[in-house]
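First the structure, in the form of structure tokens, and then the observations on it.
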Amino acid sequence: LVANADKAIIAYSGEVMEITRAGCADPFHEVLEETCGCILLFVGIVGLRLGKTGHQLVADVCPLVSHNRFRVRVAAVRTLTAIILTGSHEMILELVAHRDPNTIPIKAFYEGDTKVNFCARLATDRHAAVRVEFLTMLGEWLLKLPERRDHEQRLLPYVISLVNDEVDSISTRALEIMEALGAQYEADQKEDERVKEQRYYLPEEAQGLGWSQL
């Protein structure tokens, strides 16, 4: 229905989100995968018009990254990647279990207040396919998100951790993302004197100590 309706589905966004919310709570794994696919199509059609409305979609999909079946986890990560890029970047704070040190929830005074770090779970997922999708998600956000500067200090540690992944292809891809981030930083800051290329010259005495000229 979403695929055939195309942009006409925008008028029924509320109804679509209610249906997908119920789908995300379904106990059957194939329904969960189909729901993620439906949300992915919906987000692709609505695009940036989704805006803050996407916060609820992120909240609905987040629990699926802890599902027992890896295909559901992969579908959930792929869906989150698309939603965040449409204006829901604030939800990254929830994905990394960020807590403002200057804000204490009233609930915390009376009972335990636990937050789940979904990104940490994905970075250590037992299935390589999930870690690959998670790394792709990090790359998309860090390289394409307009607000990437606000979140890079929270997301970059997960890319660095995947550099040491036991799967060579994941480790290599993590290094490629790191290089791309470095190139992007230089491009963004090319007018800054602090990152201009400099050439250092060492005295001849330093050569005997194993130093080399840069």
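Letters A, B, ... go to the chains of the structure tokens in the order shown; residues in each chain start at 1; ligands are counted from 1 in the same order.
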
For A:Val2, list every protein, DNA or RNA residue within 10 Å, evaluated using only C-alpha atoms, and leave out those in the same chain fewer than 2 positions away; present the list as a list in words.
Asn4, Ala5, Asp6, Lys7, Ala8, Ile9, Ile10, Val16, Cys38, Ile39, Leu41, Phe42 and Ile45 of chain A

Need the shell around A:Val132: protein/DNA/RNA residues with any atom at most 12 Å away, counting only C-alpha atoms. Skip same-chain ones fewer than 5 positions apart. Format as a list of chain:residue names?
A:Phe70, A:Arg73, A:Val74, A:Val77, A:Arg78, A:Leu122, A:Ala123, A:Thr124, A:Asp125, A:Arg126, A:His127, A:Met137, A:Leu138, A:Gly139, A:Val159, A:Leu162, A:Val163, A:Asp165, A:Glu166, A:Val167, A:Asp168, A:Ser169, A:Ile170, A:Ser171, A:Thr172, A:Arg173, A:Ala174

What does the file look like for those residues with N, CA and C atoms, as a compact mmCIF listing (two decimals), in the first residue's frame?
```txt
# COMPACT_ATOMS: atom_id res chain seq x y z
N PHE A 70 18.87 -12.26 14.06
CA PHE A 70 19.77 -11.24 13.53
C PHE A 70 19.16 -10.50 12.35
N ARG A 73 17.33 -7.61 13.66
CA ARG A 73 18.25 -6.57 14.13
C ARG A 73 18.83 -5.79 12.95
N VAL A 74 19.18 -6.51 11.88
CA VAL A 74 19.71 -5.84 10.69
C VAL A 74 18.66 -4.90 10.09
N VAL A 77 18.29 -1.76 12.30
CA VAL A 77 19.40 -0.81 12.15
C VAL A 77 19.29 -0.05 10.83
N ARG A 78 18.95 -0.77 9.78
CA ARG A 78 18.79 -0.13 8.47
C ARG A 78 17.67 0.91 8.51
N LEU A 122 24.96 -3.01 19.76
CA LEU A 122 25.19 -3.30 18.34
C LEU A 122 26.68 -3.45 18.04
N ALA A 123 27.51 -2.66 18.69
CA ALA A 123 28.95 -2.72 18.45
C ALA A 123 29.54 -4.06 18.89
N THR A 124 28.88 -4.72 19.82
CA THR A 124 29.37 -6.02 20.33
C THR A 124 28.43 -7.16 19.95
N ASP A 125 27.60 -6.93 18.95
CA ASP A 125 26.65 -7.97 18.53
C ASP A 125 27.39 -9.24 18.11
N ARG A 126 26.78 -10.37 18.40
CA ARG A 126 27.43 -11.66 18.13
C ARG A 126 27.44 -12.01 16.65
N HIS A 127 26.60 -11.35 15.85
CA HIS A 127 26.52 -11.68 14.42
C HIS A 127 27.20 -10.59 13.59
N MET A 137 25.63 2.34 9.34
CA MET A 137 24.80 3.38 9.96
C MET A 137 25.67 4.50 10.52
N LEU A 138 26.72 4.15 11.22
CA LEU A 138 27.61 5.16 11.78
C LEU A 138 28.24 6.01 10.68
N GLY A 139 28.67 5.35 9.61
CA GLY A 139 29.26 6.08 8.50
C GLY A 139 28.29 7.05 7.86
N VAL A 159 33.04 3.59 16.08
CA VAL A 159 33.79 3.32 14.85
C VAL A 159 35.20 2.84 15.21
N LEU A 162 35.29 -0.73 16.31
CA LEU A 162 35.12 -1.70 15.22
C LEU A 162 36.37 -1.82 14.36
N VAL A 163 37.33 -0.92 14.54
CA VAL A 163 38.61 -1.07 13.84
C VAL A 163 39.30 -2.36 14.28
N ASP A 165 37.72 -5.12 15.08
CA ASP A 165 36.79 -6.23 14.94
C ASP A 165 37.50 -7.47 14.43
N GLU A 166 37.00 -8.62 14.85
CA GLU A 166 37.62 -9.89 14.47
C GLU A 166 37.43 -10.22 12.99
N VAL A 167 36.45 -9.59 12.35
CA VAL A 167 36.21 -9.80 10.92
C VAL A 167 37.01 -8.75 10.15
N ASP A 168 37.87 -9.19 9.26
CA ASP A 168 38.77 -8.28 8.56
C ASP A 168 38.02 -7.24 7.73
N SER A 169 36.94 -7.65 7.08
CA SER A 169 36.21 -6.71 6.22
C SER A 169 35.60 -5.57 7.04
N ILE A 170 35.14 -5.89 8.25
CA ILE A 170 34.57 -4.85 9.12
C ILE A 170 35.67 -3.91 9.59
N SER A 171 36.79 -4.46 9.98
CA SER A 171 37.92 -3.65 10.42
C SER A 171 38.40 -2.72 9.31
N THR A 172 38.48 -3.26 8.09
CA THR A 172 38.92 -2.45 6.95
C THR A 172 37.94 -1.34 6.66
N ARG A 173 36.66 -1.66 6.71
CA ARG A 173 35.63 -0.64 6.44
C ARG A 173 35.66 0.45 7.51
N ALA A 174 35.90 0.07 8.76
CA ALA A 174 36.00 1.07 9.83
C ALA A 174 37.16 2.02 9.58
```

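For A:Ile19, the set of protein, DNA and RNA residues having any atom at most 12 Å away, when counting only C-alpha atoms and skipping those fewer than 4 positions along the same chain, is Val2, Tyr12, Ser13, Gly14, Glu15, Gly23, Cys24, Ala25, Asp26, Val31, Leu32, Glu34, Thr35, Cys36, Cys38, Ile39, Phe42, Leu57 and Asp60 of chain A.
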
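Summary of the local environment: counting only C-alpha atoms, residues at most 10 Å from A:Gly87, other than itself and those fewer than 5 positions away along its chain, are Gly47, Leu48, Arg49, Leu50, Gly51, Lys52, Thr53, Gly54, His55, Ala82, Leu145, Pro146 and Glu147 of chain A.
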
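For the pair atom CA of A:Glu18 and atom CA of A:Val43, the separation is 14.3 Å.
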
Helix (DSSP H, G or I) per DSSP on the backbone: members of stretch 26-96 of chain A, as number ranges by chain
A: 29-66, 70-84, 89-95

Which residues, written as a compact mmCIF listing (two decimals) with N, CA and C atoms, in the first residue's frame, have at least one atom at most 12 Å from A:His98, with only C-alpha atoms counted and residues fewer than 4 positions away on the same chain left out?
```txt
# COMPACT_ATOMS: atom_id res chain seq x y z
N GLU A 90 18.15 14.15 17.21
CA GLU A 90 18.17 14.23 18.68
C GLU A 90 18.02 12.85 19.32
N MET A 91 17.42 11.91 18.60
CA MET A 91 17.21 10.58 19.15
C MET A 91 18.51 9.78 19.25
N ILE A 92 19.58 10.29 18.65
CA ILE A 92 20.88 9.64 18.84
C ILE A 92 21.25 9.65 20.31
N LEU A 93 20.83 10.68 21.02
CA LEU A 93 21.11 10.75 22.46
C LEU A 93 20.48 9.58 23.19
N GLU A 94 19.30 9.16 22.74
CA GLU A 94 18.64 8.01 23.36
C GLU A 94 19.34 6.71 22.98
N ASN A 102 23.22 17.70 34.27
CA ASN A 102 22.54 18.77 35.00
C ASN A 102 21.05 18.53 35.15
N THR A 103 20.58 17.39 34.65
CA THR A 103 19.15 17.09 34.71
C THR A 103 18.94 15.74 35.39
N THR A 114 16.96 3.29 34.59
CA THR A 114 17.97 2.66 33.74
C THR A 114 17.75 3.02 32.28
N LYS A 115 18.84 3.35 31.59
CA LYS A 115 18.77 3.62 30.16
C LYS A 115 19.62 2.59 29.43
N VAL A 116 19.17 2.17 28.27
CA VAL A 116 19.85 1.14 27.49
C VAL A 116 20.68 1.79 26.40
N ASN A 117 21.96 1.43 26.34
CA ASN A 117 22.84 1.92 25.29
C ASN A 117 22.75 0.96 24.11
N PHE A 118 21.87 1.28 23.16
CA PHE A 118 21.65 0.40 22.02
C PHE A 118 22.89 0.33 21.11
N CYS A 119 23.61 1.43 21.00
CA CYS A 119 24.81 1.43 20.15
C CYS A 119 25.88 0.50 20.70
N ALA A 120 26.02 0.46 22.01
CA ALA A 120 27.00 -0.45 22.62
C ALA A 120 26.63 -1.90 22.35
N HIS A 151 27.23 15.24 17.29
CA HIS A 151 27.16 13.86 17.75
C HIS A 151 28.43 13.05 17.51
N GLN A 153 31.36 13.11 18.80
CA GLN A 153 32.08 12.66 19.98
C GLN A 153 31.39 11.48 20.66
N ARG A 154 30.11 11.28 20.36
CA ARG A 154 29.37 10.14 20.92
C ARG A 154 29.42 8.92 20.00
N LEU A 155 29.51 9.14 18.70
CA LEU A 155 29.46 8.03 17.74
C LEU A 155 30.84 7.53 17.33
```

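The smallest atom-to-atom distance between A:Ser66 and any of A:Val130, A:Ala3, A:Ala187, A:Leu85, using only C-alpha atoms, is found for A:Val130.
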
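For the atom pair formed by atom CA of A:Ala76 and atom CA of A:Ser161, the distance is 21.1 Å, given to one decimal.
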
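When only C-alpha atoms are used to compute distances to A:Leu64, the closest of the residues A:His29, A:Lys107, A:Lys190, A:Arg99 turns out to be A:His29.
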
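Atom pair atom CA of A:Gly37 / atom CA of A:Ala128 has a distance of 20.8 Å (rounded to one decimal).
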